file final.pdb (PDB, C-alpha atoms, pLDDT in the B column)
ATOM      1  CA  MET A   1     -80.404 146.751  82.557  1.00 57.00           C
ATOM      2  CA  LEU A   2     -78.765 150.177  82.566  1.00 61.00           C
ATOM      3  CA  ALA A   3     -80.224 152.998  84.591  1.00 73.00           C
ATOM      4  CA  SER A   4     -81.667 155.855  82.592  1.00 82.00           C
ATOM      5  CA  VAL A   5     -79.255 158.776  82.397  1.00 81.00           C
ATOM      6  CA  PRO A   6     -80.652 162.202  81.540  1.00 86.00           C
ATOM      7  CA  LEU A   7     -79.179 163.716  78.405  1.00 88.00           C
ATOM      8  CA  LEU A   8     -77.582 167.135  78.502  1.00 89.00           C
ATOM      9  CA  TYR A   9     -77.714 169.197  75.322  1.00 92.00           C
ATOM     10  CA  LEU A  10     -74.529 171.272  75.033  1.00 94.00           C
ATOM     11  CA  GLY A  11     -74.987 172.729  71.564  1.00 96.00           C
ATOM     12  CA  ASP A  12     -74.092 171.976  67.971  1.00 97.00           C
ATOM     13  CA  ILE A  13     -70.794 171.517  66.204  1.00 97.00           C
ATOM     14  CA  ILE A  14     -70.876 172.458  62.539  1.00 97.00           C
ATOM     15  CA  VAL A  15     -67.880 171.825  60.314  1.00 97.00           C
ATOM     16  CA  SER A  16     -67.335 172.887  56.715  1.00 97.00           C
ATOM     17  CA  VAL A  17     -65.961 169.810  54.963  1.00 97.00           C
ATOM     18  CA  ASP A  18     -64.498 171.995  52.191  1.00 97.00           C
ATOM     19  CA  THR A  19     -62.581 174.061  54.740  1.00 97.00           C
ATOM     20  CA  ALA A  20     -61.563 170.917  56.630  1.00 97.00           C
ATOM     21  CA  GLN A  21     -60.209 169.395  53.406  1.00 98.00           C
ATOM     22  CA  ARG A  22     -58.166 172.513  52.667  1.00 97.00           C
ATOM     23  CA  GLN A  23     -56.816 172.635  56.228  1.00 96.00           C
ATOM     24  CA  ALA A  24     -55.983 168.914  56.153  1.00 96.00           C
ATOM     25  CA  GLN A  25     -53.876 169.481  53.041  1.00 97.00           C
ATOM     26  CA  GLN A  26     -52.153 172.483  54.644  1.00 96.00           C
ATOM     27  CA  GLN A  27     -51.400 170.505  57.815  1.00 91.00           C
ATOM     28  CA  GLU A  28     -50.416 167.432  55.786  1.00 91.00           C
ATOM     29  CA  HIS A  29     -52.788 164.989  57.456  1.00 91.00           C
ATOM     30  CA  SER A  30     -55.944 163.155  56.444  1.00 94.00           C
ATOM     31  CA  LEU A  31     -59.437 164.588  56.202  1.00 96.00           C
ATOM     32  CA  PRO A  32     -60.702 162.257  58.992  1.00 95.00           C
ATOM     33  CA  THR A  33     -57.927 163.529  61.272  1.00 94.00           C
ATOM     34  CA  GLU A  34     -58.807 167.163  60.503  1.00 96.00           C
ATOM     35  CA  LEU A  35     -62.500 166.489  61.098  1.00 97.00           C
ATOM     36  CA  ALA A  36     -61.669 164.882  64.454  1.00 97.00           C
ATOM     37  CA  TRP A  37     -59.438 167.864  65.293  1.00 96.00           C
ATOM     38  CA  LEU A  38     -62.204 170.348  64.507  1.00 97.00           C
ATOM     39  CA  ALA A  39     -64.862 168.310  66.323  1.00 97.00           C
ATOM     40  CA  SER A  40     -62.687 168.039  69.439  1.00 97.00           C
ATOM     41  CA  HIS A  41     -62.062 171.789  69.341  1.00 97.00           C
ATOM     42  CA  GLY A  42     -65.795 172.445  69.057  1.00 97.00           C
ATOM     43  CA  LEU A  43     -66.522 170.017  71.885  1.00 97.00           C
ATOM     44  CA  LEU A  44     -64.081 171.793  74.183  1.00 97.00           C
ATOM     45  CA  HIS A  45     -65.786 175.107  73.393  1.00 97.00           C
ATOM     46  CA  LEU A  46     -69.150 173.551  74.278  1.00 97.00           C
ATOM     47  CA  LEU A  47     -67.628 172.380  77.568  1.00 96.00           C
ATOM     48  CA  GLY A  48     -66.563 175.948  78.392  1.00 96.00           C
ATOM     49  CA  TRP A  49     -62.984 176.116  77.113  1.00 97.00           C
ATOM     50  CA  ASP A  50     -61.954 179.316  75.341  1.00 96.00           C
ATOM     51  CA  HIS A  51     -58.735 180.844  74.015  1.00 96.00           C
ATOM     52  CA  PRO A  52     -58.749 184.634  74.245  1.00 96.00           C
ATOM     53  CA  ASP A  53     -54.946 184.672  74.445  1.00 97.00           C
ATOM     54  CA  GLU A  54     -51.964 182.566  73.380  1.00 96.00           C
ATOM     55  CA  GLU A  55     -51.538 180.944  76.796  1.00 97.00           C
ATOM     56  CA  SER A  56     -55.131 179.687  76.963  1.00 97.00           C
ATOM     57  CA  LEU A  57     -54.948 178.599  73.307  1.00 96.00           C
ATOM     58  CA  GLY A  58     -51.886 176.512  74.129  1.00 95.00           C
ATOM     59  CA  ARG A  59     -53.691 174.818  77.021  1.00 96.00           C
ATOM     60  CA  MET A  60     -56.734 174.121  74.859  1.00 96.00           C
ATOM     61  CA  LEU A  61     -54.688 172.684  71.995  1.00 95.00           C
ATOM     62  CA  LYS A  62     -52.839 170.383  74.396  1.00 95.00           C
ATOM     63  CA  GLN A  63     -56.193 169.186  75.721  1.00 95.00           C
ATOM     64  CA  GLN A  64     -57.316 168.492  72.145  1.00 95.00           C
ATOM     65  CA  VAL A  65     -54.219 166.376  71.567  1.00 95.00           C
ATOM     66  CA  ARG A  66     -54.934 164.424  74.780  1.00 95.00           C
ATOM     67  CA  LEU A  67     -58.544 163.812  73.725  1.00 95.00           C
ATOM     68  CA  LEU A  68     -57.602 162.633  70.257  1.00 95.00           C
ATOM     69  CA  ASN A  69     -54.772 160.430  71.492  1.00 94.00           C
ATOM     70  CA  ALA A  70     -57.167 158.878  74.024  1.00 95.00           C
ATOM     71  CA  VAL A  71     -59.448 157.718  71.189  1.00 94.00           C
ATOM     72  CA  GLY A  72     -56.592 156.447  69.059  1.00 94.00           C
ATOM     73  CA  ILE A  73     -55.980 159.403  66.769  1.00 93.00           C
ATOM     74  CA  PRO A  74     -52.277 160.193  66.953  1.00 90.00           C
ATOM     75  CA  ILE A  75     -51.712 163.895  66.421  1.00 86.00           C
ATOM     76  CA  ASP A  76     -49.032 166.256  67.625  1.00 76.00           C
ATOM     77  CA  ILE A  77     -49.060 170.053  67.581  1.00 78.00           C
ATOM     78  CA  GLU A  78     -45.318 170.452  68.039  1.00 71.00           C
TER      79      GLU A  78
END

call {"tool": "encode", "arguments": {"input": "final.pdb", "output": "structure tokens"}}
result
Amino acid sequence: MLASVPLLYLGDIIVSVDTAQRQAQQQEHSLPTELAWLASHGLLHLLGWDHPDEESLGRMLKQQVRLLNAVGIPIDIE
């Protein structure tokens, strides 16, 4: 039996599917990939990541790529 682990509420991630569909077409990848991209970006924000400048944005985007690759979603920002 697993020990009970307290849950930690971080916040909500809300994604516009219409916007995601448009962005997926612009980026030339699938809607599921775009939804995963947006969800991972939202998750990083909930975990405290931010991108007030280009340098921090670059670090955050690289972390998104690592997260998605780790769960089997191949994506590259280069």

call {"tool": "residues_around", "arguments": {"input": "final.pdb", "residues": "Ile73 of chain A", "least_positions_apart": "2", "cutoff": "12 Å", "atoms": "only C-alpha atoms", "output": "PyMOL selection string"}}
result
chain A and resi 29-30+32-37+40+64-71+75-76

call {"tool": "residues_around", "arguments": {"input": "final.pdb", "residues": "segment 7-16 of chain A", "least_positions_apart": "4", "cutoff": "9 Å", "atoms": "only C-alpha atoms", "output": "NGL selection string"}}
result
:A and (20-21 or 35 or 38-39 or 42-43 or 46-47)

call {"tool": "write_last_selection", "arguments": {"input": "final.pdb", "atoms": "C-alpha atoms", "output": "PDB file, in the coordinates of the input"}}
result
ATOM      1  CA  ALA A  20     -61.563 170.917  56.630  1.00 97.00           C
ATOM      2  CA  GLN A  21     -60.209 169.395  53.406  1.00 98.00           C
ATOM      3  CA  LEU A  35     -62.500 166.489  61.098  1.00 97.00           C
ATOM      4  CA  LEU A  38     -62.204 170.348  64.507  1.00 97.00           C
ATOM      5  CA  ALA A  39     -64.862 168.310  66.323  1.00 97.00           C
ATOM      6  CA  GLY A  42     -65.795 172.445  69.057  1.00 97.00           C
ATOM      7  CA  LEU A  43     -66.522 170.017  71.885  1.00 97.00           C
ATOM      8  CA  LEU A  46     -69.150 173.551  74.278  1.00 97.00           C
ATOM      9  CA  LEU A  47     -67.628 172.380  77.568  1.00 96.00           C
TER      10      LEU A  47
END

call {"tool": "resolve_selection", "arguments": {"input": "final.pdb", "expression": "the PyMOL selection byres ((chain A and resi 60) around 9)", "output": "list in words"}}
result
His41, Leu44, Trp49, Asp50, His51, Glu55, Ser56, Leu57, Gly58, Arg59, Leu61, Lys62, Gln63, Gln64 and Val65 of chain A

call {"tool": "atom_distance", "arguments": {"input": "final.pdb", "atom1": "atom CA of Leu31 of chain A", "atom2": "atom CA of Asp18 of chain A"}}
result
9.8 Å

call {"tool": "atom_distance", "arguments": {"input": "final.pdb", "atom1": "atom CA of Gln26 of chain A", "atom2": "atom CA of Glu54 of chain A"}}
result
21.3 Å

call {"tool": "atom_distance", "arguments": {"input": "final.pdb", "atom1": "atom CA of Gly72 of chain A", "atom2": "atom CA of Val17 of chain A"}}
result
21.6 Å
